[in-house]
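Below is start.tsv, holding TSV, C-alpha atoms and all ligand atoms.
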chain	number	residue	atom	x	y	z
X	39	MET	CA	-19.90	2.12	24.46
X	40	ARG	CA	-17.67	3.37	27.32
X	41	VAL	CA	-16.10	-0.02	27.66
X	42	GLN	CA	-15.42	-0.02	23.92
X	43	SER	CA	-13.68	3.34	23.93
X	44	GLN	CA	-11.75	2.45	27.09
X	45	ARG	CA	-10.60	-0.66	25.27
X	46	ARG	CA	-9.61	1.31	22.21
X	47	LYS	CA	-7.50	3.60	24.36
X	48	ILE	CA	-5.71	0.78	26.13
X	49	LEU	CA	-5.04	-1.06	22.88
X	50	GLY	CA	-3.78	2.15	21.38
X	51	ARG	CA	-1.31	2.70	24.19
X	52	ILE	CA	-0.01	-0.84	24.02
X	53	GLU	CA	0.48	-0.60	20.26
X	54	LEU	CA	2.26	2.76	20.54
X	55	ARG	CA	4.56	1.41	23.23
X	56	ARG	CA	5.44	-1.58	21.04
X	57	ILE	CA	6.26	0.62	18.07
X	58	GLU	CA	8.32	2.97	20.22
X	59	GLU	CA	10.27	0.14	21.74
X	60	ALA	CA	11.00	-1.40	18.35
X	61	GLY	CA	12.07	2.02	17.10
X	62	LEU	CA	14.31	2.69	20.09
X	63	LYS	CA	16.06	-0.62	19.71
X	64	LEU	CA	16.89	0.16	16.08
X	65	VAL	CA	17.91	3.73	16.84
X	66	LYS	CA	20.23	2.52	19.55
X	67	THR	CA	22.01	-0.08	17.45
X	68	ALA	CA	22.36	2.29	14.53
X	69	ALA	CA	23.59	5.07	16.79
X	70	GLU	CA	26.15	2.88	18.53
X	71	LEU	CA	27.81	2.25	15.21
X	72	CYS	CA	27.43	5.76	13.88
X	73	PRO	CA	30.70	7.61	13.41
X	74	GLN	CA	28.89	10.85	12.62
X	75	CYS	CA	27.20	11.42	15.94
X	76	ALA	CA	29.02	8.97	18.21
X	77	GLY	CA	25.70	7.62	19.36
X	78	THR	CA	24.08	10.86	20.47
X	79	GLY	CA	21.70	11.02	17.52
X	80	TRP	CA	22.67	14.65	16.98
X	81	LYS	CA	25.43	16.09	14.90
X	82	THR	CA	26.98	19.49	15.19
X	83	LEU	CA	26.95	21.89	12.30
X	84	SER	CA	29.50	24.60	12.52
X	85	ALA	CA	27.79	27.89	11.71
X	86	THR	CA	30.80	29.10	9.76
X	87	PRO	CA	32.59	26.20	8.10
X	88	SER	CA	35.75	28.30	7.71
X	89	ALA	CA	36.03	28.65	11.49
X	90	PRO	CA	35.27	25.19	12.88
X	91	GLU	CA	36.18	26.25	16.40
X	92	ASP	CA	33.57	28.95	16.33
X	93	LYS	CA	31.43	28.98	19.48
X	94	ASP	CA	28.28	29.47	17.43
X	95	ARG	CA	27.42	25.90	16.61
X	96	ARG	CA	24.09	24.38	15.70
X	97	VAL	CA	22.98	20.81	16.11
X	98	THR	CA	20.76	18.77	13.87
X	99	ARG	CA	19.32	15.26	13.83
X	100	CYS	CA	21.92	12.81	12.56
X	101	ASP	CA	21.17	10.88	9.35
X	102	CYS	CA	21.41	7.62	11.28
X	103	GLN	CA	18.22	8.62	13.10
X	104	LEU	CA	16.33	9.16	9.87
X	105	ARG	CA	17.60	5.89	8.47
X	106	ALA	CA	16.55	4.10	11.61
X	107	ARG	CA	13.07	5.58	11.36
X	108	SER	CA	12.69	4.49	7.75
X	109	GLN	CA	13.90	1.02	8.69
X	110	THR	CA	11.30	0.78	11.48
X	111	LEU	CA	8.59	1.97	9.12
X	112	LEU	CA	9.67	-0.47	6.43
X	113	THR	CA	9.43	-3.39	8.85
X	114	GLY	CA	6.06	-2.13	10.07
X	115	ALA	CA	4.69	-1.82	6.52
X	116	ARG	CA	4.47	-5.63	6.16
X	117	ILE	CA	5.48	-5.72	2.50
X	118	PRO	CA	5.40	-9.42	1.53
X	119	ARG	CA	8.74	-11.02	0.64
X	120	ARG	CA	7.85	-11.56	-2.97
X	121	TYR	CA	7.32	-7.84	-3.48
X	122	GLU	CA	10.33	-6.64	-1.51
X	123	HIS	CA	12.24	-6.04	-4.73
X	124	CYS	CA	9.62	-3.70	-6.17
X	125	GLU	CA	10.76	-0.10	-6.58
X	126	LEU	CA	9.61	2.68	-8.88
X	127	GLY	CA	13.19	2.83	-10.18
X	128	SER	CA	13.06	-0.80	-11.33
X	129	TYR	CA	9.71	-0.50	-13.12
X	130	THR	CA	10.51	-1.04	-16.79
X	131	THR	CA	8.49	0.73	-19.43
X	132	ASP	CA	10.67	0.26	-22.49
X	133	LEU	CA	10.63	-3.47	-23.18
X	134	PRO	CA	9.94	-4.18	-26.86
X	135	GLY	CA	6.20	-3.99	-27.38
X	136	ALA	CA	5.51	-2.54	-23.95
X	137	ASN	CA	2.14	-0.89	-23.72
X	138	PRO	CA	2.38	2.94	-23.54
X	139	SER	CA	0.08	2.91	-20.51
X	140	LEU	CA	3.00	1.59	-18.43
X	141	ALA	CA	5.08	4.73	-18.98
X	142	LEU	CA	2.11	6.95	-18.15
X	143	ALA	CA	1.39	4.91	-15.05
X	144	LEU	CA	4.98	5.22	-13.87
X	145	ILE	CA	4.86	9.00	-14.30
X	146	SER	CA	1.62	9.22	-12.31
X	147	ALA	CA	2.98	6.94	-9.59
X	148	SER	CA	6.22	8.91	-9.25
X	149	LYS	CA	4.34	12.20	-9.18
X	150	PHE	CA	2.01	10.82	-6.55
X	151	ALA	CA	4.93	9.77	-4.32
X	152	GLN	CA	6.69	13.10	-4.81
X	153	GLU	CA	3.68	15.29	-4.16
X	154	TYR	CA	2.09	13.26	-1.39
X	155	ASP	CA	0.45	15.53	1.14
X	156	PRO	CA	-0.96	13.88	4.26
X	157	ARG	CA	-3.60	16.60	4.62
X	158	GLU	CA	-5.03	15.90	1.23
X	159	GLY	CA	-5.87	12.23	1.59
X	160	ALA	CA	-6.14	11.55	-2.14
X	161	GLY	CA	-5.45	7.92	-3.05
X	162	LEU	CA	-4.90	5.83	-6.15
X	163	LEU	CA	-6.93	3.10	-7.81
X	164	ILE	CA	-4.59	1.01	-9.96
X	165	ILE	CA	-6.52	-1.11	-12.44
X	166	GLY	CA	-5.23	-3.73	-14.86
X	167	LYS	CA	-5.04	-7.39	-15.73
X	168	ILE	CA	-2.88	-9.86	-13.82
X	169	GLY	CA	0.85	-9.30	-14.19
X	170	THR	CA	0.68	-5.74	-15.51
X	171	GLY	CA	2.68	-4.52	-12.51
X	172	LYS	CA	-0.01	-3.05	-10.25
X	173	THR	CA	1.42	-4.39	-7.02
X	174	HIS	CA	4.93	-3.43	-8.13
X	175	LEU	CA	3.84	0.19	-8.55
X	176	ALA	CA	1.91	0.27	-5.26
X	177	VAL	CA	4.89	-1.13	-3.32
X	178	GLY	CA	7.26	1.20	-5.18
X	179	ILE	CA	5.19	4.19	-4.09
X	180	ILE	CA	5.02	3.27	-0.41
X	181	LYS	CA	8.75	2.57	-0.32
X	182	GLU	CA	9.37	6.14	-1.49
X	183	LEU	CA	6.97	7.47	1.13
X	184	ILE	CA	8.58	5.37	3.87
X	185	ASN	CA	11.94	6.91	2.98
X	186	LYS	CA	10.35	10.28	3.66
X	187	GLY	CA	9.28	9.04	7.10
X	188	ILE	CA	5.62	8.42	6.32
X	189	PRO	CA	3.97	5.37	7.96
X	190	CYS	CA	2.53	2.97	5.36
X	191	LEU	CA	0.89	-0.45	5.55
X	192	PHE	CA	0.48	-3.16	2.90
X	193	TYR	CA	-2.39	-5.62	3.01
X	194	ASP	CA	-3.54	-8.18	0.53
X	195	TYR	CA	-7.35	-7.91	0.49
X	196	ARG	CA	-7.92	-11.64	1.04
X	197	GLU	CA	-5.28	-11.77	3.73
X	198	LEU	CA	-6.84	-8.87	5.61
X	199	LEU	CA	-10.30	-10.44	5.53
X	200	LYS	CA	-8.82	-13.74	6.69
X	201	GLU	CA	-7.03	-12.07	9.59
X	202	ILE	CA	-10.19	-10.29	10.69
X	203	GLN	CA	-12.16	-13.52	10.51
X	204	ASN	CA	-9.49	-15.35	12.42
X	205	SER	CA	-9.68	-12.78	15.21
X	206	TYR	CA	-13.24	-13.94	15.96
X	207	ASN	CA	-11.81	-17.31	16.88
X	208	THR	CA	-12.02	-17.52	20.66
X	209	THR	CA	-8.74	-19.38	20.97
X	210	VAL	CA	-6.67	-16.55	19.52
X	211	GLN	CA	-5.57	-13.54	21.54
X	212	THR	CA	-5.97	-10.94	18.81
X	213	THR	CA	-9.20	-8.98	18.65
X	214	GLU	CA	-10.82	-7.54	15.55
X	215	LEU	CA	-9.69	-4.13	16.71
X	216	ASP	CA	-6.07	-5.28	16.95
X	217	VAL	CA	-6.23	-6.09	13.25
X	218	LEU	CA	-8.26	-3.08	12.19
X	219	ARG	CA	-6.61	-0.33	14.22
X	220	PRO	CA	-3.45	-0.07	12.09
X	221	VAL	CA	-5.58	-0.42	8.95
X	222	PHE	CA	-7.70	2.53	10.05
X	223	GLU	CA	-4.86	4.62	11.33
X	224	THR	CA	-1.85	4.23	9.06
X	225	ASP	CA	-1.16	7.30	6.93
X	226	VAL	CA	-1.09	5.27	3.73
X	227	LEU	CA	-2.77	1.89	3.22
X	228	VAL	CA	-2.21	-0.37	0.22
X	229	LEU	CA	-5.14	-2.70	-0.30
X	230	ASP	CA	-3.93	-5.16	-2.90
X	231	GLU	CA	-6.38	-7.01	-5.16
X	232	LEU	CA	-9.55	-5.44	-3.92
X	233	GLY	CA	-12.57	-7.58	-4.72
X	234	ALA	CA	-10.60	-10.79	-5.10
X	235	VAL	CA	-13.01	-12.84	-3.00
X	236	LYS	CA	-16.65	-13.67	-3.49
X	237	PRO	CA	-18.75	-10.98	-1.89
X	238	THR	CA	-20.85	-11.91	1.10
X	239	GLU	CA	-22.75	-9.55	3.34
X	240	TRP	CA	-19.94	-9.68	5.88
X	241	VAL	CA	-17.28	-8.98	3.27
X	242	GLY	CA	-19.30	-6.03	1.98
X	243	ASP	CA	-19.80	-4.60	5.47
X	244	THR	CA	-16.14	-5.00	6.35
X	245	VAL	CA	-14.87	-3.36	3.18
X	246	SER	CA	-17.30	-0.44	3.60
X	247	LEU	CA	-16.23	-0.04	7.20
X	248	ILE	CA	-12.57	0.19	6.23
X	249	LEU	CA	-12.96	2.41	3.18
X	250	ASN	CA	-15.47	4.73	4.85
X	251	ALA	CA	-13.32	5.08	7.97
X	252	ARG	CA	-10.31	6.06	5.87
X	253	TYR	CA	-12.39	8.37	3.69
X	254	ASN	CA	-13.87	10.16	6.72
X	255	ASP	CA	-10.45	10.62	8.28
X	256	ASN	CA	-9.03	11.89	5.00
X	257	ARG	CA	-6.40	9.18	4.86
X	258	THR	CA	-4.71	7.94	1.73
X	259	THR	CA	-5.58	4.50	0.32
X	260	ILE	CA	-3.85	2.90	-2.66
X	261	ILE	CA	-5.95	0.14	-4.17
X	262	THR	CA	-5.11	-2.37	-6.86
X	263	THR	CA	-7.62	-4.53	-8.69
X	264	ASN	CA	-7.78	-6.98	-11.60
X	265	LEU	CA	-11.47	-6.32	-12.00
X	266	PRO	CA	-12.81	-4.05	-14.71
X	267	ASN	CA	-13.99	-0.73	-13.32
X	268	LEU	CA	-17.56	-1.30	-14.44
X	269	LYS	CA	-21.03	-1.19	-12.94
X	270	LYS	CA	-22.63	-4.04	-11.10
X	271	GLY	CA	-24.28	-6.41	-13.53
X	272	THR	CA	-22.60	-5.00	-16.65
X	273	TYR	CA	-21.85	-8.41	-18.13
X	274	LYS	CA	-25.06	-10.07	-17.14
X	275	SER	CA	-27.30	-7.32	-18.45
X	276	ASN	CA	-26.01	-7.78	-22.00
X	277	LEU	CA	-26.99	-11.44	-22.10
X	278	ILE	CA	-30.24	-13.31	-22.31
X	279	PRO	CA	-31.05	-14.21	-18.72
X	280	SER	CA	-30.80	-17.89	-17.81
X	281	SER	CA	-28.89	-18.66	-21.02
X	282	LYS	CA	-25.84	-20.89	-20.83
X	283	GLU	CA	-23.68	-17.87	-21.68
X	284	ALA	CA	-25.17	-15.85	-18.86
X	285	ALA	CA	-24.42	-18.64	-16.41
X	286	GLU	CA	-20.85	-18.93	-17.62
X	287	GLN	CA	-20.28	-15.18	-17.49
X	288	ALA	CA	-21.69	-15.04	-14.00
X	289	MET	CA	-19.23	-17.72	-12.92
X	290	GLN	CA	-16.15	-16.28	-14.55
X	291	ASP	CA	-16.41	-12.56	-14.93
X	292	ALA	CA	-17.10	-10.03	-12.33
X	293	THR	CA	-16.83	-6.29	-12.38
X	294	LEU	CA	-15.64	-4.10	-9.55
X	295	GLY	CA	-19.27	-3.11	-9.08
X	296	ASP	CA	-20.29	-6.78	-8.78
X	297	ARG	CA	-17.67	-7.43	-6.14
X	298	ILE	CA	-17.83	-4.39	-3.89
X	299	GLY	CA	-21.21	-2.91	-4.78
X	300	GLU	CA	-22.02	0.34	-6.55
X	301	PRO	CA	-21.95	2.64	-3.49
X	302	MET	CA	-18.43	1.51	-2.63
X	303	ARG	CA	-17.28	1.77	-6.24
X	304	SER	CA	-18.39	5.37	-6.41
X	305	ARG	CA	-16.81	6.05	-3.02
X	306	LEU	CA	-13.53	4.79	-4.51
X	307	HIS	CA	-13.85	7.29	-7.32
X	308	GLU	CA	-14.14	10.06	-4.75
X	309	MET	CA	-11.14	8.78	-2.81
X	310	CYS	CA	-8.78	7.89	-5.62
X	311	ARG	CA	-7.23	8.98	-8.85
X	312	ILE	CA	-7.27	6.19	-11.42
X	313	ILE	CA	-4.25	4.61	-13.07
X	314	GLU	CA	-5.04	2.06	-15.78
X	315	LEU	CA	-2.53	-0.46	-16.99
X	316	ASP	CA	-3.10	-2.16	-20.32
X	317	GLY	CA	-1.06	-4.87	-21.90
X	318	ASP	CA	0.13	-8.35	-21.15
X	319	ASP	CA	1.50	-10.16	-18.16
X	320	PHE	CA	4.94	-8.65	-17.59
X	321	ARG	CA	6.50	-12.01	-16.74
X	322	LYS	CA	5.52	-13.47	-20.12
X	323	GLY	CA	6.71	-10.31	-21.90
X	324	ALA	CA	10.03	-10.28	-20.07
X	325	ARG	CA	10.57	-13.94	-20.86
X	326	SER	CA	9.88	-13.58	-24.56
X	327	ALA	CA	11.98	-10.40	-24.75
X	328	SER	CA	14.97	-12.11	-23.15
X	329	ALA	CA	14.45	-15.09	-25.47
X	330	ARG	CA	14.55	-12.74	-28.46
X	331	PHE	CA	17.86	-11.28	-27.33
X	332	ARG	CA	19.50	-14.63	-26.82
X	401	LIG	N1	6.96	-2.91	-15.76
X	401	LIG	C1	7.61	-3.74	-14.94
X	401	LIG	N2	8.92	-3.60	-14.72
X	401	LIG	C2	9.59	-4.46	-13.91
X	401	LIG	N3	9.01	-5.50	-13.28
X	401	LIG	C3	7.70	-5.68	-13.45
X	401	LIG	C4	6.92	-4.81	-14.28
X	401	LIG	N4	5.65	-5.25	-14.27
X	401	LIG	C5	5.63	-6.33	-13.47
X	401	LIG	N5	6.85	-6.60	-12.98
X	401	LIG	C6	7.22	-7.73	-12.14
X	401	LIG	O1	6.41	-8.83	-12.53
X	401	LIG	C7	5.87	-9.49	-11.41
X	401	LIG	C8	4.35	-9.39	-11.45
X	401	LIG	O2	3.96	-8.04	-11.28
X	401	LIG	P1	2.83	-7.59	-10.25
X	401	LIG	O3	3.12	-6.20	-9.81
X	401	LIG	O4	2.71	-8.61	-9.18
X	401	LIG	O5	1.58	-7.63	-11.21
X	401	LIG	P2	0.04	-7.44	-10.83
X	401	LIG	O6	-0.02	-6.93	-9.44
X	401	LIG	O7	-0.48	-6.45	-11.83
X	401	LIG	O8	-0.61	-8.79	-11.03
X	401	LIG	C9	6.48	-8.85	-10.19
X	401	LIG	O9	7.59	-9.57	-9.78
X	401	LIG	C10	6.90	-7.46	-10.68
X	401	LIG	O10	8.02	-6.99	-9.97
X	402	MG	MG	-0.83	-7.81	-7.76
X	403	ZN	ZN	24.45	9.24	13.84

Please, can you express the file's structure as structure tokens?
Ligand SMILES: Nc1ncnc2c1ncn2[C@@H]1O[C@H](COP(=O)(O)OP(=O)(O)O)[C@@H](O)[C@H]1O
Ligand SMILES: [Mg+2]
Ligand SMILES: [Zn+2]
Amino acid sequence: MRVQSQRRKILGRIELRRIEEAGLKLVKTAAELCPQCAGTGWKTLSATPSAPEDKDRRVTRCDCQLRARSQTLLTGARIPRRYEHCELGSYTTDLPGANPSLALALISASKFAQEYDPREGAGLLIIGKIGTGKTHLAVGIIKELINKGIPCLFYDYRELLKEIQNSYNTTVQTTELDVLRPVFETDVLVLDELGAVKPTEWVGDTVSLILNARYNDNRTTIITTNLPNLKKGTYKSNLIPSSKEAAEQAMQDATLGDRIGEPMRSRLHEMCRIIELDGDDFRKGARSASARFR
């Protein structure tokens, strides 16, 4: 146990040092070019603008410092390339035939980003079929938060599980804790496509570990899922057991409860407000809309 906590501490220090160094590098380059503060990182505010030579001057952090911090946080958030373009401002809700749930979802997402309070820890569960814009909204939210200086981290659910599994490989340097520490500790975590892999005991344990750790520390988690927010066994229980239909359903359909278990599903309801997106795949909609206008 002591060895474990010793190890945690050391890893923590190393990680902090790395982040600080990366931050410093950015601050320095931005500051060197900054005409506002001439590289000091501070700018002077004259107390009385009408008398600029007044002795009573105040200093404040230069904007270049804030920009540099956001830039460091953005790099650290690990938003995948294909979602880099996603912003709340570019989320369309008025395409012909767009489902009204999109506009409501955008309002909730914007409100969430505006009112985010790190002490509160409330998260979001964004539910909807493929292509309804769940990941777009989640990324849009964390970009807004990053601009306010809040540390965020994006992880695809499958990717995270793969990275943890890979850390058990004796030939790699990374430990499980190296992967998990930022996941536990970031202010805001996006877990994209929760439940997208077949559940095994290990998957279940790992997901509970992560969600419970974040819940206990009152940290915000934004989750997206394609799975219907229904109880374990919902589909199967409506069918005659061992029928062909039951077998097919079991293969194809799964509910959130099937994939992460009922205790975790109800934990999510405690941790998160729900945003539901209805409607069709945005990419198909956008294509047919642009075809109509041609
Ligand atoms: N309402 C929308 N406005 C603008 N772009 C959208 C919208 N919905 C989806 N997209 C775009 O369509 C693609 C698929 O959306 P995505 O967020 O990945 O869907 P999901 O995560 O629900 O499967 C992305 O490139 C995204 O930017
Ligand atoms: Mg997605
Ligand atoms: Zn400056």

Mind dumping a table of every chain X residue within 9 Å of ligand MG 402 (chain X), with the nearest atom pair and its distance in Å to one decimal, using all atoms listed in the file, sorted by chain and rising number, as a tab-separated table?
residue	atom	partner	partner_atom	distance
X:Ile168	CA	X:MG402	MG	6.7
X:Gly169	CA	X:MG402	MG	6.8
X:Thr170	CA	X:MG402	MG	8.2
X:Gly171	CA	X:MG402	MG	6.8
X:Lys172	CA	X:MG402	MG	5.4
X:Thr173	CA	X:MG402	MG	4.2
X:His174	CA	X:MG402	MG	7.2
X:Ala176	CA	X:MG402	MG	8.9
X:Asp194	CA	X:MG402	MG	8.7
X:Asp230	CA	X:MG402	MG	6.3
X:Glu231	CA	X:MG402	MG	6.2
X:Thr262	CA	X:MG402	MG	7.0
X:Thr263	CA	X:MG402	MG	7.6
X:Asn264	CA	X:MG402	MG	8.0

Between X:Lys236, X:Arg105, X:Arg116, X:Arg96, smallest distance to Pro220 of chain X by all atoms listed in the file belongs to X:Arg116

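Nearest residue to Ala136 of chain X, choosing from X:Lys322, X:Leu265, X:Glu197, X:Val210 and counting only C-alpha atoms: X:Lys322.
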
Provide an axis-aligned box for all listed atoms of ligand LIG 401 (chain X), padding each side by 4 Å; report its centre and its edge lengths in Å to one decimal, as JSON.
{"center_x": 4.5, "center_y": -6.2, "center_z": -12.5, "size_x": 18.2, "size_y": 14.7, "size_z": 14.6}

Closest-contact table, chain X side, partner ligand ZN 403 (chain X), 9 Å, counting all atoms listed in the file, as a Markdown table:
| residue | atom | partner | partner_atom | distance |
| --- | --- | --- | --- | --- |
| X:Ala68 | CA | X:ZN403 | ZN | 7.3 |
| X:Ala69 | CA | X:ZN403 | ZN | 5.2 |
| X:Glu70 | CA | X:ZN403 | ZN | 8.1 |
| X:Leu71 | CA | X:ZN403 | ZN | 7.9 |
| X:Cys72 | CA | X:ZN403 | ZN | 4.6 |
| X:Pro73 | CA | X:ZN403 | ZN | 6.5 |
| X:Gln74 | CA | X:ZN403 | ZN | 4.9 |
| X:Cys75 | CA | X:ZN403 | ZN | 4.1 |
| X:Ala76 | CA | X:ZN403 | ZN | 6.3 |
| X:Gly77 | CA | X:ZN403 | ZN | 5.9 |
| X:Thr78 | CA | X:ZN403 | ZN | 6.8 |
| X:Gly79 | CA | X:ZN403 | ZN | 4.9 |
| X:Trp80 | CA | X:ZN403 | ZN | 6.5 |
| X:Lys81 | CA | X:ZN403 | ZN | 7.0 |
| X:Arg99 | CA | X:ZN403 | ZN | 7.9 |
| X:Cys100 | CA | X:ZN403 | ZN | 4.6 |
| X:Asp101 | CA | X:ZN403 | ZN | 5.8 |
| X:Cys102 | CA | X:ZN403 | ZN | 4.3 |
| X:Gln103 | CA | X:ZN403 | ZN | 6.3 |

Smallest atom-to-atom distance to ligand LIG 401 (chain X): which of X:Leu142, X:Leu315, X:Leu306, X:Leu247, using all atoms listed in the file?
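Closest to ligand LIG 401 (chain X) of all the choices is X:Leu315.
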
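The closest residue to ligand LIG 401 (chain X), picked from X:Arg119, X:His307, X:Lys270, X:Lys200 and counting only C-alpha atoms and all ligand atoms, is X:Arg119.
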
Pick from X:Phe320, X:Thr98, X:Thr110, X:Tyr154: nearest to Tyr129 of chain X, with only C-alpha atoms counted?
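So, comparing all the options, the nearest one is X:Phe320.
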